[in-house]
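Content type compact mmCIF, C-alpha atoms, from the file structure.txt:
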# COMPACT_ATOMS: atom_id res chain seq x y z
CA MET A 1 44.15 9.75 6.68
CA LYS A 2 43.71 11.73 3.51
CA LEU A 3 40.76 14.07 3.38
CA GLU A 4 39.86 12.59 0.02
CA TYR A 5 39.21 9.15 1.55
CA ILE A 6 37.18 10.65 4.37
CA LEU A 7 34.99 12.43 1.86
CA PHE A 8 34.70 9.20 -0.13
CA GLY A 9 33.52 7.34 2.95
CA PHE A 10 31.13 10.12 3.87
CA GLY A 11 29.66 10.18 0.41
CA ILE A 12 29.23 6.42 0.31
CA LEU A 13 27.52 6.42 3.70
CA LEU A 14 25.11 9.13 2.61
CA CYS A 15 24.32 7.30 -0.63
CA LEU A 16 23.67 4.05 1.21
CA SER A 17 21.49 5.88 3.73
CA GLY A 18 19.46 7.39 0.94
CA VAL A 19 19.03 4.06 -0.79
CA GLY A 20 18.11 2.46 2.53
CA TYR A 21 15.45 5.08 3.17
CA LEU A 22 13.97 4.66 -0.31
CA ALA A 23 14.04 0.90 0.12
CA ALA A 24 12.23 1.06 3.46
CA GLU A 25 9.57 3.38 2.09
CA TYR A 26 8.93 2.17 -1.42
CA VAL A 27 10.25 -1.35 -1.95
CA LYS A 28 6.90 -2.76 -0.82
CA TYR A 29 5.27 -1.08 -3.79
CA LEU A 30 7.74 -2.44 -6.37
CA SER A 31 6.67 -4.99 -8.92
CA ASP A 32 8.53 -8.32 -9.15
CA ILE A 33 10.48 -7.06 -12.16
CA GLY A 34 11.35 -3.88 -10.28
CA LYS A 35 12.64 -5.87 -7.33
CA MET A 36 14.74 -8.09 -9.57
CA GLY A 37 16.13 -5.09 -11.43
CA SER A 38 16.99 -3.32 -8.17
CA LEU A 39 18.73 -6.42 -6.86
CA LEU A 40 20.80 -6.84 -10.01
CA LEU A 41 21.76 -3.17 -10.06
CA ALA A 42 22.72 -3.30 -6.39
CA VAL A 43 24.97 -6.30 -7.04
CA GLY A 44 26.47 -4.55 -10.06
CA MET A 45 27.03 -1.37 -8.08
CA PHE A 46 28.96 -3.12 -5.32
CA ALA A 47 30.88 -5.19 -7.91
CA PHE A 48 32.02 -2.11 -9.81
CA MET A 49 32.86 -0.29 -6.59
CA GLY A 50 34.96 -3.28 -5.57
CA LYS A 51 36.80 -3.23 -8.90
CA TYR A 52 37.35 0.50 -8.55
CA PHE A 53 38.92 0.22 -5.10
CA GLU A 54 40.93 -2.79 -6.32
CA SER A 55 42.36 -0.64 -9.09
CA LEU A 56 43.22 1.98 -6.49
CA GLY A 57 45.36 -0.63 -4.77
CA TRP A 58 43.23 -1.15 -1.67
CA MET B 1 44.94 4.27 -19.56
CA ALA B 2 44.76 2.74 -16.08
CA THR B 3 43.15 5.91 -14.77
CA ARG B 4 40.58 5.83 -17.53
CA ARG B 5 39.76 2.19 -16.79
CA ARG B 6 39.52 2.97 -13.07
CA ASN B 7 37.15 5.86 -13.69
CA LEU B 8 35.04 3.60 -15.93
CA PHE B 9 34.31 1.33 -12.96
CA LEU B 10 33.35 4.36 -10.91
CA TYR B 11 31.00 5.64 -13.62
CA LEU B 12 29.40 2.21 -14.01
CA ALA B 13 28.85 2.01 -10.25
CA LEU B 14 27.30 5.46 -10.36
CA ALA B 15 25.08 4.41 -13.26
CA CYS B 16 23.88 1.37 -11.28
CA PHE B 17 23.13 3.62 -8.31
CA ILE B 18 21.15 6.04 -10.46
CA GLY B 19 19.33 3.06 -11.99
CA ILE B 20 18.28 1.85 -8.52
CA ILE B 21 17.00 5.32 -7.62
CA ALA B 22 15.11 5.49 -10.92
CA ILE B 23 13.45 2.10 -10.29
CA PHE B 24 12.40 3.15 -6.78
CA ILE B 25 10.92 6.38 -8.08
CA GLY B 26 9.43 5.03 -11.30
CA ASP B 27 8.10 1.71 -10.05
CA GLY B 28 7.76 2.28 -6.33
CA TYR B 29 6.50 5.83 -6.07
CA LEU B 30 4.82 6.81 -9.32
CA GLY B 31 1.37 5.42 -10.02
CA VAL B 32 -2.12 5.50 -8.59
CA TYR B 33 -2.48 4.25 -5.02
CA ASP B 34 -5.54 3.89 -2.84
CA ALA B 35 -6.04 3.74 0.89
CA LEU B 36 -9.14 3.06 2.96
CA TYR B 37 -9.90 4.54 6.37
CA ILE B 38 -12.56 2.82 8.47
CA THR B 39 -13.87 4.38 11.66
CA ALA B 40 -16.01 2.08 13.79
CA GLY B 41 -16.80 3.06 17.34
CA GLU B 42 -13.94 5.21 18.57
CA ARG B 43 -11.14 3.57 16.63
CA GLU B 44 -9.90 4.21 13.13
CA GLU B 45 -8.32 1.54 10.98
CA THR B 46 -6.15 2.35 8.01
CA ILE B 47 -5.69 0.01 5.08
CA GLU B 48 -2.47 1.09 3.40
CA PRO B 49 -1.98 0.84 -0.36
CA ASP B 50 0.56 -1.97 -0.06
CA PHE B 51 -2.03 -4.22 1.64
CA TRP B 52 -3.95 -4.63 -1.58
CA GLN B 53 -0.83 -5.87 -3.36
CA ARG B 54 -0.53 -8.88 -1.16
CA GLU B 55 -2.23 -12.16 -1.90
CA ASP B 56 -4.54 -11.85 1.11
CA TRP B 57 -6.35 -8.81 -0.20
CA VAL B 58 -9.49 -9.01 1.91
CA TRP B 59 -9.62 -6.86 5.06
CA SER B 60 -11.85 -7.89 7.93
CA THR B 61 -13.05 -5.71 10.78
CA GLY B 62 -15.63 -5.88 13.55
CA VAL B 63 -18.42 -3.53 14.57
CA ASN B 64 -21.22 -3.70 17.13
CA GLN B 65 -24.85 -3.90 16.12
CA GLY B 66 -26.51 -0.52 15.99
CA GLU B 67 -23.26 1.31 15.31
CA ARG B 68 -22.45 3.37 12.30
CA VAL B 69 -19.25 2.78 10.35
CA PHE B 70 -17.57 5.65 8.55
CA PHE B 71 -15.54 4.97 5.42
CA ARG B 72 -13.14 7.22 3.58
CA TYR B 73 -11.61 5.93 0.35
CA GLU B 74 -8.65 7.98 -0.76
CA VAL B 75 -7.02 7.80 -4.18
CA ASP B 76 -3.52 9.23 -4.49
CA ASN B 77 -2.60 10.18 -8.05
CA ARG B 78 1.20 10.13 -8.22
CA GLN B 79 1.43 10.73 -11.92
CA PHE B 80 2.21 13.61 -14.21
CA SER B 81 -1.18 13.23 -15.89
CA ARG B 82 -4.71 13.73 -14.64
CA TYR B 83 -6.57 10.65 -13.34
CA SER B 84 -10.24 10.10 -14.04
CA GLY B 85 -12.34 7.21 -12.93
CA ASN B 86 -15.52 6.04 -11.30
CA VAL B 87 -15.77 4.67 -7.79
CA GLU B 88 -18.65 2.35 -6.98
CA VAL B 89 -19.37 1.05 -3.50
CA SER B 90 -21.85 -1.68 -2.70
CA VAL B 91 -22.79 -3.98 0.15
CA TRP B 92 -23.04 -7.70 -0.42
CA ARG B 93 -24.23 -10.60 1.69
CA MET B 94 -24.08 -14.22 0.71
CA GLN B 95 -23.15 -13.42 -2.88
CA GLU B 96 -26.10 -11.06 -3.29
CA ARG B 97 -25.97 -7.32 -3.67
CA VAL B 98 -27.84 -5.78 -0.75
CA LEU B 99 -27.32 -2.07 -1.21
CA ASN B 100 -25.58 0.39 -3.50
CA LEU B 101 -23.83 2.91 -1.32
CA ALA B 102 -22.06 5.22 -3.74
CA SER B 103 -21.29 5.68 -7.41
CA GLN B 104 -19.14 8.72 -7.86
CA PRO B 105 -16.84 9.88 -10.64
CA ILE B 106 -13.48 11.18 -9.51
CA ALA B 107 -11.05 13.44 -11.33
CA ILE B 108 -7.71 13.99 -9.66
CA ALA B 109 -5.04 16.46 -10.71
CA PRO B 110 -1.39 15.31 -10.99
CA PHE B 111 0.17 14.59 -7.60
CA ASP B 112 -3.06 15.24 -5.80
CA LYS B 113 -5.55 13.18 -3.81
CA GLY B 114 -9.23 12.52 -4.17
CA GLN B 115 -11.60 10.84 -1.78
CA VAL B 116 -15.03 9.28 -1.51
CA GLU B 117 -16.84 9.01 1.81
CA TRP B 118 -19.84 7.01 2.89
CA ILE B 119 -21.50 5.77 6.07
CA ILE B 120 -22.92 2.35 6.81
CA ASP B 121 -25.63 2.05 9.42
CA THR B 122 -25.67 -1.53 10.69
CA THR B 123 -29.27 -1.04 11.87
CA GLU B 124 -30.46 -0.56 8.32
CA LEU B 125 -28.54 -3.56 7.02
CA LYS B 126 -29.62 -6.09 9.61
CA PRO B 127 -31.18 -9.09 7.86
CA GLY B 128 -34.70 -9.92 8.94
CA ASP B 129 -33.89 -13.49 9.89
CA ILE B 130 -31.07 -12.52 12.28
CA LEU B 131 -31.72 -12.32 16.01
CA SER B 132 -30.10 -9.69 18.23
CA GLU B 133 -28.00 -12.39 19.84
CA GLN B 134 -26.58 -13.47 16.51
CA SER B 135 -23.64 -12.06 14.67
CA TYR B 136 -23.56 -11.74 10.95
CA GLN B 137 -21.26 -10.56 8.19
CA PHE B 138 -21.50 -8.58 5.03
CA SER B 139 -18.99 -7.38 2.48
CA VAL B 140 -18.31 -3.87 1.34
CA ILE B 141 -16.94 -3.98 -2.19
CA ILE B 142 -15.26 -0.95 -3.69
CA THR B 143 -14.79 -0.94 -7.44
CA ARG B 144 -12.59 1.54 -9.26
CA GLU B 145 -12.27 0.77 -12.96
CA ALA B 146 -10.86 -2.79 -13.07
CA ILE B 147 -9.73 -2.72 -9.45
CA GLU B 148 -11.82 -4.26 -6.70
CA ARG B 149 -11.31 -3.90 -2.96
CA LYS B 150 -13.24 -5.98 -0.44
CA VAL B 151 -13.79 -5.36 3.24
CA ILE B 152 -15.66 -7.85 5.40
CA LEU B 153 -17.65 -6.30 8.23
CA HIS B 154 -18.39 -8.62 11.09
CA VAL B 155 -21.34 -7.30 13.08
CA ASN B 156 -21.21 -8.38 16.70
CA PRO B 157 -24.40 -9.26 18.58
CA LEU B 158 -26.05 -6.77 20.94
CA THR B 159 -26.25 -9.23 23.76
CA LEU B 160 -24.25 -12.28 24.48
CA PRO B 161 -26.12 -15.55 23.98
CA LYS B 162 -27.51 -16.94 27.19
CA PRO B 163 -25.54 -19.84 28.64
CA PRO B 164 -27.26 -23.18 28.30
CA VAL B 165 -29.39 -24.13 31.29
CA ARG B 166 -28.15 -27.25 33.04
CA VAL B 167 -30.85 -29.81 33.62
CA SER B 168 -30.06 -31.90 36.70

Conversion result in structure tokens:
Amino acid sequence: MKLEYILFGFGILLCLSGVGYLAAEYVKYLSDIGKMGSLLLAVGMFAFMGKYFESLGW
Amino acid sequence: MATRRRNLFLYLALACFIGIIAIFIGDGYLGVYDALYITAGEREETIEPDFWQREDWVWSTGVNQGERVFFRYEVDNRQFSRYSGNVEVSVWRMQERVLNLASQPIAIAPFDKGQVEWIIDTTELKPGDILSEQSYQFSVIITREAIERKVILHVNPLTLPKPPVRVS
């Protein structure tokens, strides 16, 4: 497996871990608008990542 | 062209990720948060800042008659500017103010904490019409600017009520 893909996976895991930690610690303090905004951005993030990997041919 | 379009998706995903982080920091972390620490007997209860954001914003705790209850109200200023305010604490029973416990101005530096402490002696607050075998309640109301926090103290009786005598 190419080193590039391993680093990709590593980076994605770390990013998701960081977001998960922030979510566990601070999501309870978010306002309703903040929660909605975070949800929409999370959906958008995974959608764009999916389009990116689709364009890579995965 | 295809590479440019592919990188655009990556940049948009990255922008969404940064947006999520910004919302967590801006809306979830930054601000002014308060916590209350209640020590009754040998146990300490902590009322976290997120408790007050729920619909059920009244905390209830129990204490024995004759005990003293120690309160520590902590204000965490997670802002880049200085926070100034006034904290007022009072005891209420049956919609009537019984006692003013504290009225203290606070000035907190950016990303620092300030606190107000007070003690409630249940002996001093015992209503005259209450027997030692009876329990009673009173409310401790903390007011900081437009924010109000309420804690209900349930004072347990000194002795248990005597069981009813059976008449044969």

Requested in this report: For each of B:Arg54, B:Glu124, B:Ile23, B:Gly62, take the minimum atom-to-atom distance to Met36 in chain A, counting all atoms listed in the file, then give the residue where this is smallest.
Outcome: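 Using all atoms listed in the file, Met36 in chain A sits closest to B:Ile23.
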
Report task. Using all atoms listed in the file, find the residues of chain A whose closest atom to chain B is at most 7 Å away, then write them as an NGL selection string. Result -> :A and (22 or 26-31 or 34 or 38 or 41-42 or 44-45 or 48-49 or 51-52 or 55)

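Closest approach to Lys126 in chain B among B:Val32, B:Tyr83, B:Val89, B:Val98: B:Val98, based on only C-alpha atoms.
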
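Those residues that approach Gly66 in chain B to within 12 Å, counting only C-alpha atoms, are Ala40, Gly41, Ile120, Asp121, Thr122, Thr123, Glu124, Leu125, Lys126, Ser132, Ser135, Val155, Asn156, Pro157, Leu158 and Thr159 of chain B; same-chain residues fewer than 6 positions away are not listed.
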
**Report entry** CA of Glu145 in chain B to CA of Asn86 in chain B, straight-line distance in Å
**Finding:** 6.4 Å

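Taking only C-alpha atoms, the non-local environment of Thr143 in chain B within 12 Å (same-chain residues fewer than 5 positions away omitted) comprises Asp34, Tyr73, Gly85, Asn86, Val87, Glu88, Val89, Ser90, Val91, Asn100, Leu101, Ala102, Ser103, Gln104, Pro105, Val116, Glu148, Arg149, Lys150 and Val151 of chain B.
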
Requested in this report: Kindly give the distance, in Å, that separates CA of Phe70 in chain B and CA of Glu117 in chain B, rounded to a single decimal.
Outcome: 7.6 Å

Query - Å distance separating CA of His154 in chain B from CA of Glu74 in chain B, one decimal place - result: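 These two atoms are separated by 22.6 Å.
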
Which centre and edge lengths in Å to one decimal define the box along x, y and z that fits every listed atom of range 134-144 of chain B plus 8 Å per side, as JSON?
{"center_x": -19.6, "center_y": -6.0, "center_z": 3.6, "size_x": 30.0, "size_y": 31.0, "size_z": 41.8}

Can you complete the atoms of range 14-44 of chain A to N, CA and C atoms and list them as an mmCIF file, in the coordinates of the input?
data_model
loop_
_atom_site.group_PDB
_atom_site.id
_atom_site.type_symbol
_atom_site.label_atom_id
_atom_site.label_comp_id
_atom_site.auth_asym_id
_atom_site.auth_seq_id
_atom_site.Cartn_x
_atom_site.Cartn_y
_atom_site.Cartn_z
ATOM 1 N N LEU A 14 26.318 8.361 2.921
ATOM 2 C CA LEU A 14 25.110 9.130 2.610
ATOM 3 C C LEU A 14 24.304 8.456 1.500
ATOM 4 N N CYS A 15 25.013 7.969 0.473
ATOM 5 C CA CYS A 15 24.320 7.300 -0.630
ATOM 6 C C CYS A 15 23.605 6.045 -0.133
ATOM 7 N N LEU A 16 24.297 5.262 0.691
ATOM 8 C CA LEU A 16 23.670 4.050 1.210
ATOM 9 C C LEU A 16 22.491 4.382 2.121
ATOM 10 N N SER A 17 22.606 5.464 2.886
ATOM 11 C CA SER A 17 21.490 5.880 3.730
ATOM 12 C C SER A 17 20.289 6.271 2.893
ATOM 13 N N GLY A 18 20.552 6.991 1.819
ATOM 14 C CA GLY A 18 19.460 7.390 0.940
ATOM 15 C C GLY A 18 18.786 6.194 0.290
ATOM 16 N N VAL A 19 19.598 5.267 -0.184
ATOM 17 C CA VAL A 19 19.030 4.060 -0.790
ATOM 18 C C VAL A 19 18.263 3.259 0.256
ATOM 19 N N GLY A 20 18.796 3.187 1.465
ATOM 20 C CA GLY A 20 18.110 2.460 2.530
ATOM 21 C C GLY A 20 16.756 3.078 2.857
ATOM 22 N N TYR A 21 16.712 4.404 2.892
ATOM 23 C CA TYR A 21 15.450 5.080 3.170
ATOM 24 C C TYR A 21 14.431 4.798 2.062
ATOM 25 N N LEU A 22 14.868 4.933 0.818
ATOM 26 C CA LEU A 22 13.970 4.660 -0.310
ATOM 27 C C LEU A 22 13.500 3.209 -0.275
ATOM 28 N N ALA A 23 14.411 2.311 0.071
ATOM 29 C CA ALA A 23 14.040 0.900 0.120
ATOM 30 C C ALA A 23 12.985 0.658 1.207
ATOM 31 N N ALA A 24 13.178 1.261 2.362
ATOM 32 C CA ALA A 24 12.230 1.060 3.460
ATOM 33 C C ALA A 24 10.855 1.631 3.120
ATOM 34 N N GLU A 25 10.837 2.717 2.378
ATOM 35 C CA GLU A 25 9.570 3.380 2.090
ATOM 36 C C GLU A 25 8.841 2.808 0.889
ATOM 37 N N TYR A 26 9.586 2.460 -0.160
ATOM 38 C CA TYR A 26 8.930 2.170 -1.420
ATOM 39 C C TYR A 26 9.156 0.766 -1.975
ATOM 40 N N VAL A 27 9.998 -0.030 -1.378
ATOM 41 C CA VAL A 27 10.250 -1.350 -1.950
ATOM 42 C C VAL A 27 9.002 -2.231 -1.885
ATOM 43 N N LYS A 28 8.115 -1.960 -0.914
ATOM 44 C CA LYS A 28 6.900 -2.760 -0.820
ATOM 45 C C LYS A 28 5.953 -2.493 -1.973
ATOM 46 N N TYR A 29 6.132 -1.385 -2.670
ATOM 47 C CA TYR A 29 5.270 -1.080 -3.790
ATOM 48 C C TYR A 29 5.857 -1.535 -5.127
ATOM 49 N N LEU A 30 7.081 -2.034 -5.122
ATOM 50 C CA LEU A 30 7.740 -2.440 -6.370
ATOM 51 C C LEU A 30 7.091 -3.694 -6.949
ATOM 52 N N SER A 31 7.107 -3.765 -8.261
ATOM 53 C CA SER A 31 6.670 -4.990 -8.920
ATOM 54 C C SER A 31 7.802 -6.023 -8.824
ATOM 55 N N ASP A 32 7.502 -7.262 -9.215
ATOM 56 C CA ASP A 32 8.530 -8.320 -9.150
ATOM 57 C C ASP A 32 9.711 -7.991 -10.060
ATOM 58 N N ILE A 33 9.402 -7.441 -11.227
ATOM 59 C CA ILE A 33 10.480 -7.060 -12.160
ATOM 60 C C ILE A 33 11.315 -5.926 -11.560
ATOM 61 N N GLY A 34 10.640 -4.989 -10.924
ATOM 62 C CA GLY A 34 11.350 -3.880 -10.280
ATOM 63 C C GLY A 34 12.281 -4.371 -9.179
ATOM 64 N N LYS A 35 11.802 -5.332 -8.403
ATOM 65 C CA LYS A 35 12.640 -5.870 -7.330
ATOM 66 C C LYS A 35 13.846 -6.601 -7.899
ATOM 67 N N MET A 36 13.627 -7.374 -8.942
ATOM 68 C CA MET A 36 14.740 -8.090 -9.570
ATOM 69 C C MET A 36 15.750 -7.118 -10.159
ATOM 70 N N GLY A 37 15.240 -6.100 -10.840
ATOM 71 C CA GLY A 37 16.130 -5.090 -11.430
ATOM 72 C C GLY A 37 16.935 -4.371 -10.365
ATOM 73 N N SER A 38 16.290 -4.014 -9.257
ATOM 74 C CA SER A 38 16.990 -3.320 -8.170
ATOM 75 C C SER A 38 18.072 -4.215 -7.582
ATOM 76 N N LEU A 39 17.751 -5.484 -7.427
ATOM 77 C CA LEU A 39 18.730 -6.420 -6.860
ATOM 78 C C LEU A 39 19.937 -6.566 -7.768
ATOM 79 N N LEU A 40 19.693 -6.700 -9.060
ATOM 80 C CA LEU A 40 20.800 -6.840 -10.010
ATOM 81 C C LEU A 40 21.658 -5.582 -10.056
ATOM 82 N N LEU A 41 21.000 -4.428 -10.042
ATOM 83 C CA LEU A 41 21.760 -3.170 -10.060
ATOM 84 C C LEU A 41 22.550 -2.988 -8.766
ATOM 85 N N ALA A 42 21.991 -3.412 -7.659
ATOM 86 C CA ALA A 42 22.720 -3.300 -6.390
ATOM 87 C C ALA A 42 23.967 -4.196 -6.412
ATOM 88 N N VAL A 43 23.816 -5.402 -6.921
ATOM 89 C CA VAL A 43 24.970 -6.300 -7.040
ATOM 90 C C VAL A 43 26.015 -5.705 -7.981
ATOM 91 N N GLY A 44 25.547 -5.178 -9.106
ATOM 92 C CA GLY A 44 26.470 -4.550 -10.060
ATOM 93 C C GLY A 44 27.180 -3.359 -9.464
#
